[in-house]
Each structure stands twice: as structure tokens, then as C-alpha cells.
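*Asks:* There's a structure below that I have some questions on.
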Amino acid sequence: MALTALKVKNAQPGRHVDGRGLCLVVKPSGARSWVLRMQKDGRRRDYGLGSTFDVSLAEARDAAMALRRQVRLGVDPVAEKRRSRKVVPSFETAARNCYEAMKEGWKNQRHASWIASLENHVFPLMGARPINEVDSPAVVEVLSPIWLDIPDTARRILQRIGAVLDFAHIKGWLPEEVSLRSVRKGLPRQAEKAGHLEAMPYADVPSLMHRLATAASTTGRDALRFTIYNAVRSNETRFAVWSEFDLEKAVWTIPGERMKAGDTHVVPLSPAAVALLRNRWNQRSSDTGLVFSNDGEKPISDMTMTKLLRDDGIKGVTVHGFRSAFTDWAAERTRFPKEVADKALAHKLSNKVEAAYRRTDFFDKRRSLMARWAEYLEQWPSKSNSSRRLAE
């Protein structure tokens with residue numbers, strides 16, 4: 001017989017059936033609770049509906065009816081309850097958790113830019129949004145301001161957002177995988193990648209260096225000048241730490257894990273580059289931290305140096321392109337062999353046989369070459385096009 005309110009109140013320890021699987025369970029302690037027992041696909045499960053102190057008989061019957069309907073529709077009530085209790089983090093929290101989980105497997109420290117790119121371009125716009133509310137329109141909104149200005153970085157950021165969403169799905173914060181394949185359809189077509197990054201003509205570089213040197217000193221300006229002085233890649237400057245430098249010997253040793261080719265690269269520093277470093281040393285916040293950083297810990301953005309060029313009215317030219325300007329200058333204005341300039345750029349020989357027999361790194365010749373380059377860069381702009389003396 002069906003239960004009544006009086007029977008619920010006076011029931012002795014045991015299981016008392018109301019009907020269609022709904023039971024009152026009374027423990028020896030006197031505690032009373034509702035349980036719905038159902039069987040589906042040969043599997044029997046009990047679902048707790050709460051204590052009789054909180055749930056009346058009528059409410060228990062209504063809850064049992066709702067649960068039966070869910071099960072008939074293929075919904076797992078237990079899984080749904082767990083999902084409703086799970087705290088969904090913000091996109092920024094999920095991204096930082098994803099970064100921490102993945103970074104140990106990265107061999108190259110340049111991947112520290114992974115989180116920096118999100119900090120600079122994504123978190124300000126989308127960081128506080130719950131991860132389960134991030135969809136293709138939200139990603140389009142984030143990428144639109146940078147999609148054409150910094151296309152390579154924008155494409156990398158799109159990939160990184162996708163990695164965060166995959167990570168969130170694995171962690172259970174997203175019920176289904178989120179595809180970002182439609183994002184590109186909501187953005188303008190990027191120009192085809194050129195074979196070479198656009199470079200400033202070497203004859204114009206001294207004028208730029210003069211403007212950078214005479215403007216108010218900033219971390220970004222120092223980093224750009226230092227990058228041009230040494231003809232290095234921007235990441236090699238951005239992640240340089242003080243322990244890599246010997247200012248007395250004017251040497252910068254970049255470990256292999258920070259180099260594109262994976263080999264340690266020893267850079268002979270020109271007097272101008274050393275002077276710049278000594279000035280930054282006097283302003284340092286740490287003896288071992290990042291050289292080009294405001295706090296010694298967080299690297300400058302990969303867009304900081306490029307923005308200086310754009311603010312100066314220089315369109316199209318890339319920071320990487322100054323390596324090409326250095327190559328052109330060395331070929332046209334000096335008598336140094338091409339191999340010396342290539343070694344200064346840390347280029348690997350494409351001919352494996354030749355590479356096996358060439359053991360020298362041309363260090364002394366590279367020191368002379370980089371000193372000449374720095375002297376050329378420090379010419380007054382009016383002289384940059386007039387002086388045609390070949391360096392020894």
C-alpha cells in the first residue's frame with residue numbers, strides 16, 4: 001500500500017515502499033530519507049531524493065516522477081548533478097592551468113611567450129569570461145584588432161585558445177569539444193606570407209637608431225636598439241637574463257635551448273652594446289632576472305618593439321628584418337667573408353659536409369664585424385648615406 005504522511009512519521013527502521021520504486025528508508029538511528037530505485041538497460045541504481053525533514057511525501061513523488069522522465073530521455077541524473085556542482089573557471093584561470101600542465105614538456109624556453117601572448121592580447125578582453133561561455137564569436141572579437149597587424153602572432157594565439165578549450169574539455173569544464181574552424185571565416189583574409197620578412201634598407205637604420213637613442217629611455221627602446229646592434233632575433237633579446245652576460249669580456253652566451261638551431265651561440269658585444277647593458281644593469285631589479293623587463297620576471301611583449309616602429313610611422317618593416325639589413329650592409333659595405341656574417345646571425349651551413357669540416361666560429365672576426373656595425377649605426381643620419389668606406 002502507498003505511504004501516508006502518518007506512516008512516514010511512524011515508520012520503523014527498514015525500507016518502506018510507496019510505489020514505482022519510491023521508498024522510504026529508515027535507519028536504526030531514526031534518520032529518514034527518500035530513495036528512488038530504477039532499472040534501465042539491465043542496470044539497477046538508487047537515487048537519493050533527500051531527507052524527510054526537507055522533502056515531504058508529495059515532493060518526493062514529484063521528484064521521482066521528474067527523475068523517471070530524465071532516465072527515459074537518456075539523461076544520467078547523477079552525472080547532471082555532478083556537472084551542476086562543478087565550478088567552471090574563467091578563461092584566464094583555465095589558460096594558466098593549461099600552460100602549467102604543458103610547459104614542462106617544452107624544450108625551448110621561447111615557449112614562455114605562449115602565456116605572454118594571451119596576457120597581452122586575450123586576457124584583457126576575454127580573461128574573466130567563464131570558459132564554458134567562450135565560443136567562436138568571442139574569439140573573433142579578440143582576434144579582430146590584431147589579425148592583419150600581426151598575422152603570425154594572431155594565428156598562434158588562435159591555436160593557443162584552441163589548446164585551452166581542449167584542455168577545459170578534458171578537465172570536464174566543457175561538456176563538448178569546441179571547434180574554432182569557423183573563426184577564420186569571420187576574419188578578413190590575411191595576405192600571403194612572403195618568402196622574407198620586410199626589412200628596412202640598411203642606409204636608413206642609423207637614422208632610426210639615432211631617434212631611438214635620443215628619445216626617452218624605455219625598456220622597449222633599449223631592447224630594440226640592443227636587438228639591432230647584435231642582429232639577433234627578438235626572442236633572443238626578450239628572454240635574455242643577466243647570467244648569460246660577461247660584461248668585462250664583452251660576451252653574451254645564449255644557451256642552445258633558446259636558439260632556433262638548438263646550438264649555443266656566443267655573441268661578441270660591441271662597446272655600444274656593452275654601454276647599453278651597463279646602463280640597464282644600474283636600473284636592474286634582479287642580478288639574475290630578465291634584462292629587458294620592468295620587473296626582471298615578465299618579458300616584454302613580442303609586439304613591444306614592433307609598436308615602436310609603427311609609432312615612428314614605419315609601416316611593414318619587421319624587427320626580424322634588421323637581420324637582413326645587417327646582411328646587406330655586411331655584403332655591400334665591408335670585405336668580411338659571407339661566412340663571418342652568417343656565423344654572426346647563427347645560421348647553420350646547409351651543406352652538411354662543409355659543416356662537418358668547418359669547426360671555427362670566426363669569433364675574433366665577428367667581434368670586429370659587430371664593432372664596425374655598431375659604429376655604422378651610430379653615425380649621424382646625415383652621414384649614413386655619404387660614407388662609403390669599406391670596413392676591413
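How things are named: the first chain in the C-alpha cells is A, the next is B, and so on; residues count from 1 in each chain; ligands count from 1 in the order shown.
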Using DSSP on the backbone, list every residue of region 249-313 of chain A that comes out as strand (DSSP E), and give them as an mmCIF file with C-alpha atoms, in the first residue's frame.

*Replies:*
data_model
loop_
_atom_site.group_PDB
_atom_site.id
_atom_site.type_symbol
_atom_site.label_atom_id
_atom_site.label_comp_id
_atom_site.auth_asym_id
_atom_site.auth_seq_id
_atom_site.Cartn_x
_atom_site.Cartn_y
_atom_site.Cartn_z
ATOM 1 C CA VAL A 251 80.490 38.396 -24.379
ATOM 2 C CA TRP A 252 76.892 37.177 -24.464
ATOM 3 C CA THR A 253 76.413 33.391 -24.351
ATOM 4 C CA ILE A 254 72.946 32.343 -25.469
ATOM 5 C CA HIS A 265 75.595 30.961 -29.691
ATOM 6 C CA VAL A 266 78.369 33.219 -28.351
ATOM 7 C CA VAL A 267 77.905 36.861 -29.325
ATOM 8 C CA PRO A 268 80.841 39.326 -29.177
#

*Asks:* Would you kindly return, as a list of chain:residue names, each protein, DNA or RNA residue with an atom no farther than 9 Å from any atom of region 59-63 of chain A, considering only C-alpha atoms and excluding same-chain residues fewer than 4 positions away?

*Replies:* A:Asp18, A:Leu22, A:Trp34, A:Val35, A:Leu36, A:Leu49, A:Gly50, A:Thr52, A:Val55, A:Leu67, A:Arg68

*Asks:* Any chance you could list, as a compact mmCIF listing (two decimals) with N, CA, C and O atoms, in the first residue's frame, the residues in region 76-306 of chain A that come up helix (DSSP H, G or I) when DSSP is run on the backbone?

*Replies:*
# COMPACT_ATOMS: atom_id res chain seq x y z
N PRO A 77 20.98 11.31 -14.36
CA PRO A 77 20.75 12.31 -13.30
C PRO A 77 21.97 12.53 -12.41
O PRO A 77 22.23 13.64 -11.96
N VAL A 78 22.72 11.46 -12.14
CA VAL A 78 23.90 11.59 -11.27
C VAL A 78 24.96 12.46 -11.94
O VAL A 78 25.55 13.37 -11.32
N ALA A 79 25.20 12.19 -13.22
CA ALA A 79 26.19 12.98 -13.95
C ALA A 79 25.76 14.44 -14.04
O ALA A 79 26.58 15.35 -13.91
N GLU A 80 24.48 14.67 -14.27
CA GLU A 80 23.98 16.03 -14.35
C GLU A 80 24.15 16.76 -13.03
O GLU A 80 24.48 17.95 -12.99
N LYS A 81 23.93 16.05 -11.93
CA LYS A 81 24.07 16.67 -10.61
C LYS A 81 25.53 17.04 -10.35
O LYS A 81 25.83 18.12 -9.83
N ARG A 82 26.45 16.14 -10.72
CA ARG A 82 27.87 16.43 -10.55
C ARG A 82 28.28 17.65 -11.38
O ARG A 82 29.04 18.50 -10.94
N ARG A 83 27.75 17.70 -12.62
CA ARG A 83 28.10 18.79 -13.52
C ARG A 83 27.60 20.12 -12.97
O ARG A 83 28.26 21.15 -13.07
N SER A 84 26.42 20.11 -12.38
CA SER A 84 25.86 21.36 -11.85
C SER A 84 26.65 21.85 -10.64
O SER A 84 26.69 23.04 -10.37
N ARG A 85 27.27 20.92 -9.93
CA ARG A 85 28.05 21.30 -8.76
C ARG A 85 29.46 21.77 -9.11
O ARG A 85 30.12 22.43 -8.31
N PHE A 91 38.24 31.94 -18.35
CA PHE A 91 39.16 31.57 -19.42
C PHE A 91 40.61 31.77 -18.97
O PHE A 91 41.47 30.93 -19.24
N GLU A 92 40.90 32.87 -18.26
CA GLU A 92 42.27 33.12 -17.82
C GLU A 92 42.76 32.02 -16.88
O GLU A 92 43.88 31.53 -17.01
N THR A 93 41.92 31.63 -15.93
CA THR A 93 42.30 30.56 -15.00
C THR A 93 42.55 29.25 -15.74
O THR A 93 43.54 28.56 -15.48
N ALA A 94 41.67 28.93 -16.66
CA ALA A 94 41.83 27.70 -17.45
C ALA A 94 43.11 27.76 -18.28
O ALA A 94 43.84 26.78 -18.39
N ALA A 95 43.39 28.93 -18.86
CA ALA A 95 44.58 29.08 -19.70
C ALA A 95 45.85 28.93 -18.87
O ALA A 95 46.82 28.28 -19.30
N ARG A 96 45.88 29.50 -17.69
CA ARG A 96 47.08 29.39 -16.85
C ARG A 96 47.26 27.96 -16.36
O ARG A 96 48.40 27.47 -16.27
N ASN A 97 46.18 27.27 -16.06
CA ASN A 97 46.27 25.86 -15.68
C ASN A 97 46.78 25.02 -16.85
O ASN A 97 47.60 24.11 -16.68
N CYS A 98 46.30 25.34 -18.04
CA CYS A 98 46.74 24.63 -19.26
C CYS A 98 48.23 24.85 -19.48
O CYS A 98 48.98 23.91 -19.77
N TYR A 99 48.67 26.09 -19.33
CA TYR A 99 50.09 26.43 -19.52
C TYR A 99 50.97 25.68 -18.52
O TYR A 99 52.01 25.11 -18.88
N GLU A 100 50.56 25.67 -17.25
CA GLU A 100 51.34 24.99 -16.23
C GLU A 100 51.43 23.49 -16.51
O GLU A 100 52.45 22.86 -16.25
N ALA A 101 50.34 22.93 -17.05
CA ALA A 101 50.32 21.49 -17.33
C ALA A 101 51.20 21.13 -18.51
O ALA A 101 51.77 20.03 -18.55
N MET A 102 51.35 22.05 -19.46
CA MET A 102 52.07 21.73 -20.70
C MET A 102 53.53 22.15 -20.71
O MET A 102 54.36 21.55 -21.39
N LYS A 103 53.89 23.21 -19.97
CA LYS A 103 55.20 23.83 -20.17
C LYS A 103 56.37 22.92 -19.81
O LYS A 103 57.46 23.09 -20.36
N GLU A 104 56.17 21.97 -18.91
CA GLU A 104 57.27 21.09 -18.53
C GLU A 104 57.74 20.23 -19.69
O GLU A 104 58.87 19.78 -19.73
N GLY A 105 56.85 20.00 -20.66
CA GLY A 105 57.22 19.18 -21.80
C GLY A 105 57.88 19.97 -22.92
O GLY A 105 58.28 19.38 -23.93
N GLN A 109 62.79 27.44 -24.22
CA GLN A 109 62.27 28.46 -23.33
C GLN A 109 61.53 29.56 -24.07
O GLN A 109 60.82 30.35 -23.46
N ARG A 110 61.68 29.61 -25.39
CA ARG A 110 60.94 30.61 -26.15
C ARG A 110 59.44 30.42 -26.00
O ARG A 110 58.66 31.34 -26.24
N HIS A 111 59.02 29.24 -25.60
CA HIS A 111 57.59 28.99 -25.45
C HIS A 111 57.02 29.71 -24.23
O HIS A 111 55.82 29.62 -23.98
N ALA A 112 57.89 30.41 -23.48
CA ALA A 112 57.34 31.26 -22.42
C ALA A 112 56.45 32.34 -23.02
O ALA A 112 55.58 32.90 -22.35
N SER A 113 56.66 32.63 -24.31
CA SER A 113 55.82 33.61 -24.99
C SER A 113 54.39 33.10 -25.12
O SER A 113 53.48 33.88 -25.44
N TRP A 114 54.17 31.80 -24.90
CA TRP A 114 52.83 31.21 -25.01
C TRP A 114 51.85 31.94 -24.11
O TRP A 114 50.81 32.40 -24.56
N ILE A 115 52.21 32.07 -22.84
CA ILE A 115 51.29 32.72 -21.91
C ILE A 115 51.35 34.23 -22.05
O ILE A 115 50.34 34.92 -21.86
N ALA A 116 52.52 34.76 -22.43
CA ALA A 116 52.65 36.21 -22.58
C ALA A 116 51.74 36.75 -23.67
O ALA A 116 51.14 37.82 -23.54
N SER A 117 51.60 35.99 -24.77
CA SER A 117 50.75 36.46 -25.87
C SER A 117 49.29 36.51 -25.43
O SER A 117 48.54 37.41 -25.84
N LEU A 118 48.87 35.59 -24.58
CA LEU A 118 47.49 35.61 -24.07
C LEU A 118 47.30 36.76 -23.07
O LEU A 118 46.26 37.40 -23.05
N GLU A 119 48.33 37.00 -22.26
CA GLU A 119 48.25 38.10 -21.30
C GLU A 119 48.10 39.44 -22.01
O GLU A 119 47.38 40.33 -21.54
N ASN A 120 48.79 39.59 -23.13
CA ASN A 120 48.79 40.87 -23.83
C ASN A 120 47.57 41.07 -24.71
O ASN A 120 47.07 42.20 -24.83
N HIS A 121 47.08 40.01 -25.33
CA HIS A 121 46.06 40.19 -26.36
C HIS A 121 44.70 39.55 -26.06
O HIS A 121 43.71 39.90 -26.71
N PHE A 123 43.57 38.06 -22.46
CA PHE A 123 43.02 38.21 -21.11
C PHE A 123 42.31 39.55 -20.90
O PHE A 123 41.26 39.59 -20.24
N PRO A 124 42.84 40.68 -21.42
CA PRO A 124 42.13 41.95 -21.20
C PRO A 124 40.72 41.96 -21.77
O PRO A 124 39.84 42.66 -21.26
N LEU A 125 40.47 41.19 -22.82
CA LEU A 125 39.16 41.18 -23.47
C LEU A 125 38.28 40.01 -23.06
O LEU A 125 37.05 40.13 -23.02
N MET A 126 38.90 38.87 -22.75
CA MET A 126 38.12 37.65 -22.56
C MET A 126 38.54 36.87 -21.32
O MET A 126 37.97 35.82 -21.04
N ILE A 131 34.91 29.82 -18.91
CA ILE A 131 35.44 29.05 -20.03
C ILE A 131 34.33 28.42 -20.86
O ILE A 131 34.46 28.26 -22.08
N ASN A 132 33.21 28.07 -20.23
CA ASN A 132 32.13 27.44 -20.98
C ASN A 132 31.29 28.43 -21.77
O ASN A 132 30.33 28.05 -22.45
N GLU A 133 31.65 29.73 -21.70
CA GLU A 133 30.96 30.75 -22.50
C GLU A 133 31.84 31.26 -23.63
O GLU A 133 31.46 32.21 -24.33
N SER A 136 33.12 30.74 -30.81
CA SER A 136 33.76 31.31 -31.99
C SER A 136 33.56 32.83 -32.10
O SER A 136 34.52 33.55 -32.37
N PRO A 137 32.33 33.37 -31.90
CA PRO A 137 32.18 34.83 -31.97
C PRO A 137 33.06 35.57 -30.96
O PRO A 137 33.59 36.64 -31.27
N ALA A 138 33.23 35.00 -29.76
CA ALA A 138 34.08 35.64 -28.76
C ALA A 138 35.53 35.66 -29.22
O ALA A 138 36.26 36.65 -29.02
N VAL A 139 35.98 34.58 -29.83
CA VAL A 139 37.37 34.51 -30.31
C VAL A 139 37.58 35.47 -31.48
O VAL A 139 38.62 36.11 -31.58
N VAL A 140 36.59 35.58 -32.36
CA VAL A 140 36.69 36.54 -33.47
C VAL A 140 36.85 37.96 -32.93
O VAL A 140 37.66 38.75 -33.43
N GLU A 141 36.09 38.29 -31.89
CA GLU A 141 36.16 39.62 -31.29
C GLU A 141 37.56 39.90 -30.74
O GLU A 141 38.08 41.02 -30.86
N VAL A 142 38.20 38.89 -30.15
CA VAL A 142 39.54 39.05 -29.59
C VAL A 142 40.59 39.23 -30.69
O VAL A 142 41.50 40.05 -30.57
N LEU A 143 40.45 38.45 -31.77
CA LEU A 143 41.49 38.44 -32.80
C LEU A 143 41.35 39.57 -33.82
O LEU A 143 42.34 39.92 -34.48
N PRO A 151 49.85 39.20 -38.11
CA PRO A 151 49.18 37.95 -38.54
C PRO A 151 49.79 36.69 -37.95
O PRO A 151 49.06 35.78 -37.56
N ASP A 152 51.12 36.60 -37.88
CA ASP A 152 51.76 35.39 -37.34
C ASP A 152 51.37 35.20 -35.88
O ASP A 152 51.02 34.09 -35.46
N THR A 153 51.46 36.27 -35.11
CA THR A 153 51.10 36.18 -33.69
C THR A 153 49.62 35.86 -33.53
O THR A 153 49.25 35.04 -32.68
N ALA A 154 48.78 36.46 -34.36
CA ALA A 154 47.34 36.22 -34.27
C ALA A 154 47.01 34.75 -34.54
O ALA A 154 46.16 34.15 -33.86
N ARG A 155 47.68 34.17 -35.53
CA ARG A 155 47.43 32.75 -35.83
C ARG A 155 47.90 31.86 -34.68
O ARG A 155 47.23 30.87 -34.33
N ARG A 156 49.02 32.21 -34.08
CA ARG A 156 49.50 31.42 -32.93
C ARG A 156 48.52 31.54 -31.76
O ARG A 156 48.27 30.55 -31.05
N ILE A 157 47.99 32.72 -31.55
CA ILE A 157 47.04 32.92 -30.46
C ILE A 157 45.77 32.09 -30.69
O ILE A 157 45.22 31.50 -29.76
N LEU A 158 45.32 32.03 -31.94
CA LEU A 158 44.16 31.20 -32.26
C LEU A 158 44.42 29.75 -31.89
O LEU A 158 43.57 29.07 -31.30
N GLN A 159 45.61 29.26 -32.22
CA GLN A 159 45.96 27.87 -31.87
C GLN A 159 46.00 27.68 -30.35
O GLN A 159 45.56 26.64 -29.84
N ARG A 160 46.51 28.68 -29.64
CA ARG A 160 46.63 28.57 -28.18
C ARG A 160 45.26 28.62 -27.51
O ARG A 160 45.03 27.91 -26.52
N ILE A 161 44.36 29.43 -28.02
CA ILE A 161 42.99 29.42 -27.48
C ILE A 161 42.36 28.05 -27.69
O ILE A 161 41.68 27.52 -26.80
N GLY A 162 42.58 27.47 -28.86
CA GLY A 162 42.07 26.12 -29.12
C GLY A 162 42.62 25.10 -28.15
O GLY A 162 41.90 24.21 -27.68
N ALA A 163 43.92 25.23 -27.82
CA ALA A 163 44.53 24.31 -26.86
C ALA A 163 43.90 24.46 -25.48
O ALA A 163 43.68 23.47 -24.76
N VAL A 164 43.59 25.70 -25.09
CA VAL A 164 42.95 25.94 -23.78
C VAL A 164 41.56 25.30 -23.75
O VAL A 164 41.17 24.67 -22.76
N LEU A 165 40.81 25.44 -24.82
CA LEU A 165 39.46 24.86 -24.87
C LEU A 165 39.51 23.33 -24.85
O LEU A 165 38.68 22.68 -24.20
N ASP A 166 40.50 22.74 -25.53
CA ASP A 166 40.66 21.28 -25.48
C ASP A 166 40.99 20.84 -24.05
O ASP A 166 40.48 19.82 -23.56
N PHE A 167 41.87 21.59 -23.40
CA PHE A 167 42.25 21.28 -22.01
C PHE A 167 41.02 21.37 -21.10
O PHE A 167 40.82 20.51 -20.23
N ALA A 168 40.20 22.39 -21.31
CA ALA A 168 39.00 22.57 -20.49
C ALA A 168 38.02 21.41 -20.68
O ALA A 168 37.36 20.98 -19.73
N HIS A 169 37.94 20.90 -21.90
CA HIS A 169 37.06 19.76 -22.15
C HIS A 169 37.57 18.52 -21.41
O HIS A 169 36.78 17.78 -20.80
N ILE A 170 38.87 18.30 -21.44
CA ILE A 170 39.46 17.15 -20.75
C ILE A 170 39.23 17.25 -19.24
O ILE A 170 38.99 16.26 -18.56
N VAL A 183 36.22 30.31 -37.12
CA VAL A 183 36.73 31.63 -36.71
C VAL A 183 37.32 32.39 -37.89
O VAL A 183 37.07 33.58 -38.09
N ARG A 184 38.13 31.70 -38.71
CA ARG A 184 38.78 32.38 -39.84
C ARG A 184 37.77 32.95 -40.83
O ARG A 184 38.06 33.93 -41.52
N LYS A 185 36.57 32.33 -40.90
CA LYS A 185 35.56 32.84 -41.82
C LYS A 185 34.97 34.16 -41.34
O LYS A 185 34.36 34.90 -42.13
N GLY A 186 35.16 34.46 -40.08
CA GLY A 186 34.67 35.73 -39.54
C GLY A 186 35.73 36.82 -39.52
O GLY A 186 35.49 37.90 -38.99
N TYR A 202 69.43 49.22 -45.21
CA TYR A 202 70.44 49.44 -44.18
C TYR A 202 70.86 50.90 -44.08
O TYR A 202 71.27 51.38 -43.02
N ALA A 203 70.75 51.64 -45.19
CA ALA A 203 71.14 53.05 -45.17
C ALA A 203 70.23 53.89 -44.27
O ALA A 203 70.62 54.97 -43.81
N ASP A 204 69.02 53.39 -43.98
CA ASP A 204 68.07 54.13 -43.14
C ASP A 204 68.16 53.75 -41.66
O ASP A 204 67.55 54.41 -40.82
N VAL A 205 68.89 52.69 -41.36
CA VAL A 205 68.91 52.20 -39.97
C VAL A 205 69.60 53.17 -39.02
O VAL A 205 69.12 53.38 -37.89
N PRO A 206 70.74 53.81 -39.39
CA PRO A 206 71.35 54.77 -38.45
C PRO A 206 70.41 55.89 -38.03
O PRO A 206 70.43 56.31 -36.88
N SER A 207 69.56 56.36 -38.96
CA SER A 207 68.61 57.42 -38.61
C SER A 207 67.64 56.93 -37.54
O SER A 207 67.32 57.65 -36.59
N LEU A 208 67.16 55.70 -37.70
CA LEU A 208 66.26 55.12 -36.70
C LEU A 208 66.97 54.98 -35.36
O LEU A 208 66.41 55.33 -34.31
N MET A 209 68.18 54.47 -35.37
CA MET A 209 68.93 54.30 -34.13
C MET A 209 69.16 55.64 -33.43
O MET A 209 69.13 55.72 -32.20
N HIS A 210 69.38 56.67 -34.21
CA HIS A 210 69.57 58.00 -33.63
C HIS A 210 68.28 58.45 -32.92
O HIS A 210 68.34 58.98 -31.80
N ARG A 211 67.13 58.23 -33.55
CA ARG A 211 65.87 58.63 -32.94
C ARG A 211 65.60 57.83 -31.66
O ARG A 211 65.10 58.36 -30.67
N LEU A 212 65.93 56.53 -31.69
CA LEU A 212 65.74 55.69 -30.50
C LEU A 212 66.64 56.13 -29.36
O LEU A 212 66.23 56.16 -28.19
N ALA A 213 67.90 56.49 -29.69
CA ALA A 213 68.88 56.84 -28.66
C ALA A 213 68.59 58.20 -28.03
O ALA A 213 68.91 58.42 -26.86
N THR A 214 68.00 59.10 -28.80
CA THR A 214 67.76 60.45 -28.28
C THR A 214 66.38 60.60 -27.65
O THR A 214 66.11 61.61 -27.00
N THR A 219 62.26 50.42 -21.65
CA THR A 219 62.68 49.04 -21.83
C THR A 219 62.55 48.61 -23.28
O THR A 219 63.42 47.95 -23.84
N GLY A 220 61.44 49.00 -23.92
CA GLY A 220 61.21 48.64 -25.32
C GLY A 220 62.26 49.23 -26.25
O GLY A 220 62.78 48.55 -27.14
N ARG A 221 62.59 50.52 -26.07
CA ARG A 221 63.59 51.15 -26.93
C ARG A 221 64.96 50.52 -26.73
O ARG A 221 65.70 50.29 -27.69
N ASP A 222 65.31 50.25 -25.47
CA ASP A 222 66.60 49.60 -25.21
C ASP A 222 66.65 48.23 -25.88
O ASP A 222 67.67 47.83 -26.45
N ALA A 223 65.55 47.49 -25.78
CA ALA A 223 65.51 46.15 -26.37
C ALA A 223 65.66 46.21 -27.89
O ALA A 223 66.38 45.40 -28.49
N LEU A 224 64.99 47.16 -28.52
CA LEU A 224 65.08 47.28 -29.98
C LEU A 224 66.49 47.67 -30.41
O LEU A 224 67.06 47.10 -31.35
N ARG A 225 67.09 48.64 -29.72
CA ARG A 225 68.47 49.04 -30.05
C ARG A 225 69.42 47.86 -29.87
O ARG A 225 70.28 47.61 -30.73
N PHE A 226 69.27 47.14 -28.77
CA PHE A 226 70.15 46.00 -28.49
C PHE A 226 69.99 44.91 -29.55
O PHE A 226 70.97 44.31 -29.99
N THR A 227 68.75 44.67 -29.97
CA THR A 227 68.47 43.66 -31.00
C THR A 227 69.16 44.04 -32.31
O THR A 227 69.76 43.20 -32.98
N ILE A 228 69.09 45.32 -32.67
CA ILE A 228 69.70 45.78 -33.92
C ILE A 228 71.22 45.76 -33.81
O ILE A 228 71.91 45.35 -34.76
N TYR A 229 71.77 46.20 -32.69
CA TYR A 229 73.23 46.17 -32.50
C TYR A 229 73.80 44.78 -32.75
O TYR A 229 74.87 44.62 -33.35
N ASN A 230 73.08 43.75 -32.28
CA ASN A 230 73.61 42.39 -32.30
C ASN A 230 73.04 41.53 -33.42
O ASN A 230 73.42 40.36 -33.55
N SER A 234 64.31 38.66 -32.09
CA SER A 234 63.69 39.40 -31.00
C SER A 234 63.54 38.55 -29.74
O SER A 234 63.73 39.04 -28.62
N ASN A 235 63.23 37.26 -29.89
CA ASN A 235 63.06 36.40 -28.71
C ASN A 235 64.38 36.20 -27.97
O ASN A 235 64.38 36.01 -26.75
N GLU A 236 65.48 36.24 -28.69
CA GLU A 236 66.79 36.08 -28.04
C GLU A 236 67.07 37.28 -27.14
O GLU A 236 67.73 37.14 -26.10
N THR A 237 66.56 38.45 -27.52
CA THR A 237 66.66 39.64 -26.67
C THR A 237 65.65 39.60 -25.55
O THR A 237 65.97 39.83 -24.38
N ARG A 238 64.41 39.29 -25.88
CA ARG A 238 63.32 39.37 -24.90
C ARG A 238 63.54 38.46 -23.70
O ARG A 238 63.18 38.81 -22.58
N TRP A 242 70.54 38.10 -17.06
CA TRP A 242 71.85 38.67 -16.74
C TRP A 242 72.95 37.63 -16.64
O TRP A 242 74.11 37.90 -16.95
N SER A 243 72.61 36.43 -16.24
CA SER A 243 73.62 35.38 -16.08
C SER A 243 74.26 34.96 -17.40
O SER A 243 75.29 34.28 -17.41
N GLU A 244 73.66 35.35 -18.53
CA GLU A 244 74.22 35.00 -19.84
C GLU A 244 75.33 35.94 -20.27
O GLU A 244 76.03 35.66 -21.25
N GLY A 256 71.76 26.94 -25.95
CA GLY A 256 71.16 26.29 -27.11
C GLY A 256 69.65 26.19 -27.05
O GLY A 256 68.97 26.27 -28.08
N GLU A 257 69.09 26.00 -25.85
CA GLU A 257 67.64 25.83 -25.77
C GLU A 257 66.89 27.11 -26.13
O GLU A 257 65.68 27.09 -26.34
N ARG A 258 67.60 28.24 -26.19
CA ARG A 258 66.95 29.49 -26.59
C ARG A 258 67.22 29.86 -28.04
O ARG A 258 66.77 30.90 -28.52
N PRO A 271 81.24 47.82 -28.10
CA PRO A 271 81.25 48.78 -26.98
C PRO A 271 79.90 49.46 -26.78
O PRO A 271 79.49 49.70 -25.64
N ALA A 272 79.21 49.75 -27.88
CA ALA A 272 77.90 50.40 -27.75
C ALA A 272 76.90 49.48 -27.06
O ALA A 272 76.10 49.92 -26.23
N ALA A 273 76.92 48.19 -27.40
CA ALA A 273 76.01 47.24 -26.77
C ALA A 273 76.33 47.07 -25.29
O ALA A 273 75.43 46.96 -24.45
N VAL A 274 77.62 47.04 -24.95
CA VAL A 274 78.03 46.92 -23.55
C VAL A 274 77.57 48.14 -22.76
O VAL A 274 77.08 48.02 -21.63
N ALA A 275 77.73 49.33 -23.36
CA ALA A 275 77.31 50.56 -22.67
C ALA A 275 75.81 50.53 -22.38
O ALA A 275 75.37 50.93 -21.30
N LEU A 276 75.04 50.05 -23.33
CA LEU A 276 73.59 49.94 -23.13
C LEU A 276 73.29 48.98 -21.99
O LEU A 276 72.43 49.26 -21.13
N LEU A 277 73.99 47.85 -21.95
CA LEU A 277 73.77 46.86 -20.89
C LEU A 277 74.18 47.41 -19.52
O LEU A 277 73.50 47.16 -18.51
N ARG A 278 75.27 48.13 -19.47
CA ARG A 278 75.70 48.69 -18.18
C ARG A 278 74.67 49.69 -17.65
O ARG A 278 74.42 49.76 -16.44
N ASN A 279 74.07 50.43 -18.53
CA ASN A 279 73.03 51.36 -18.12
C ASN A 279 71.82 50.62 -17.55
O ASN A 279 71.25 51.01 -16.53
N ARG A 280 71.46 49.51 -18.20
CA ARG A 280 70.34 48.72 -17.69
C ARG A 280 70.72 48.01 -16.39
O ARG A 280 69.87 47.81 -15.52
N TRP A 281 71.98 47.61 -16.26
CA TRP A 281 72.44 46.96 -15.03
C TRP A 281 72.24 47.89 -13.83
O TRP A 281 71.84 47.45 -12.75
N THR A 304 56.07 44.72 -28.54
CA THR A 304 56.59 45.98 -28.00
C THR A 304 57.53 46.68 -28.97
O THR A 304 57.40 47.88 -29.24
N MET A 305 58.50 45.93 -29.52
CA MET A 305 59.46 46.53 -30.43
C MET A 305 58.81 46.90 -31.75
O MET A 305 59.12 47.94 -32.34
N THR A 306 57.91 46.06 -32.23
CA THR A 306 57.21 46.37 -33.48
C THR A 306 56.38 47.63 -33.33
O THR A 306 56.31 48.46 -34.25

*Asks:* Restricting the calculation to only C-alpha atoms: of A:Leu174, A:Leu377, A:Leu369, A:Ala231, which residue gets closest to Arg335 (chain A)?

*Replies:*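 Looking only at the distances to Arg335 (chain A), the closest residue turns out to be A:Leu369.
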
*Asks:* Kindly give the distance, in Å, that separates CA of Pro13 (chain A) and CA of Pro28 (chain A), rounded to a single decimal.

*Replies:*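 Atom-to-atom, CA of Pro13 (chain A) to CA of Pro28 (chain A), that is 5.3 Å.
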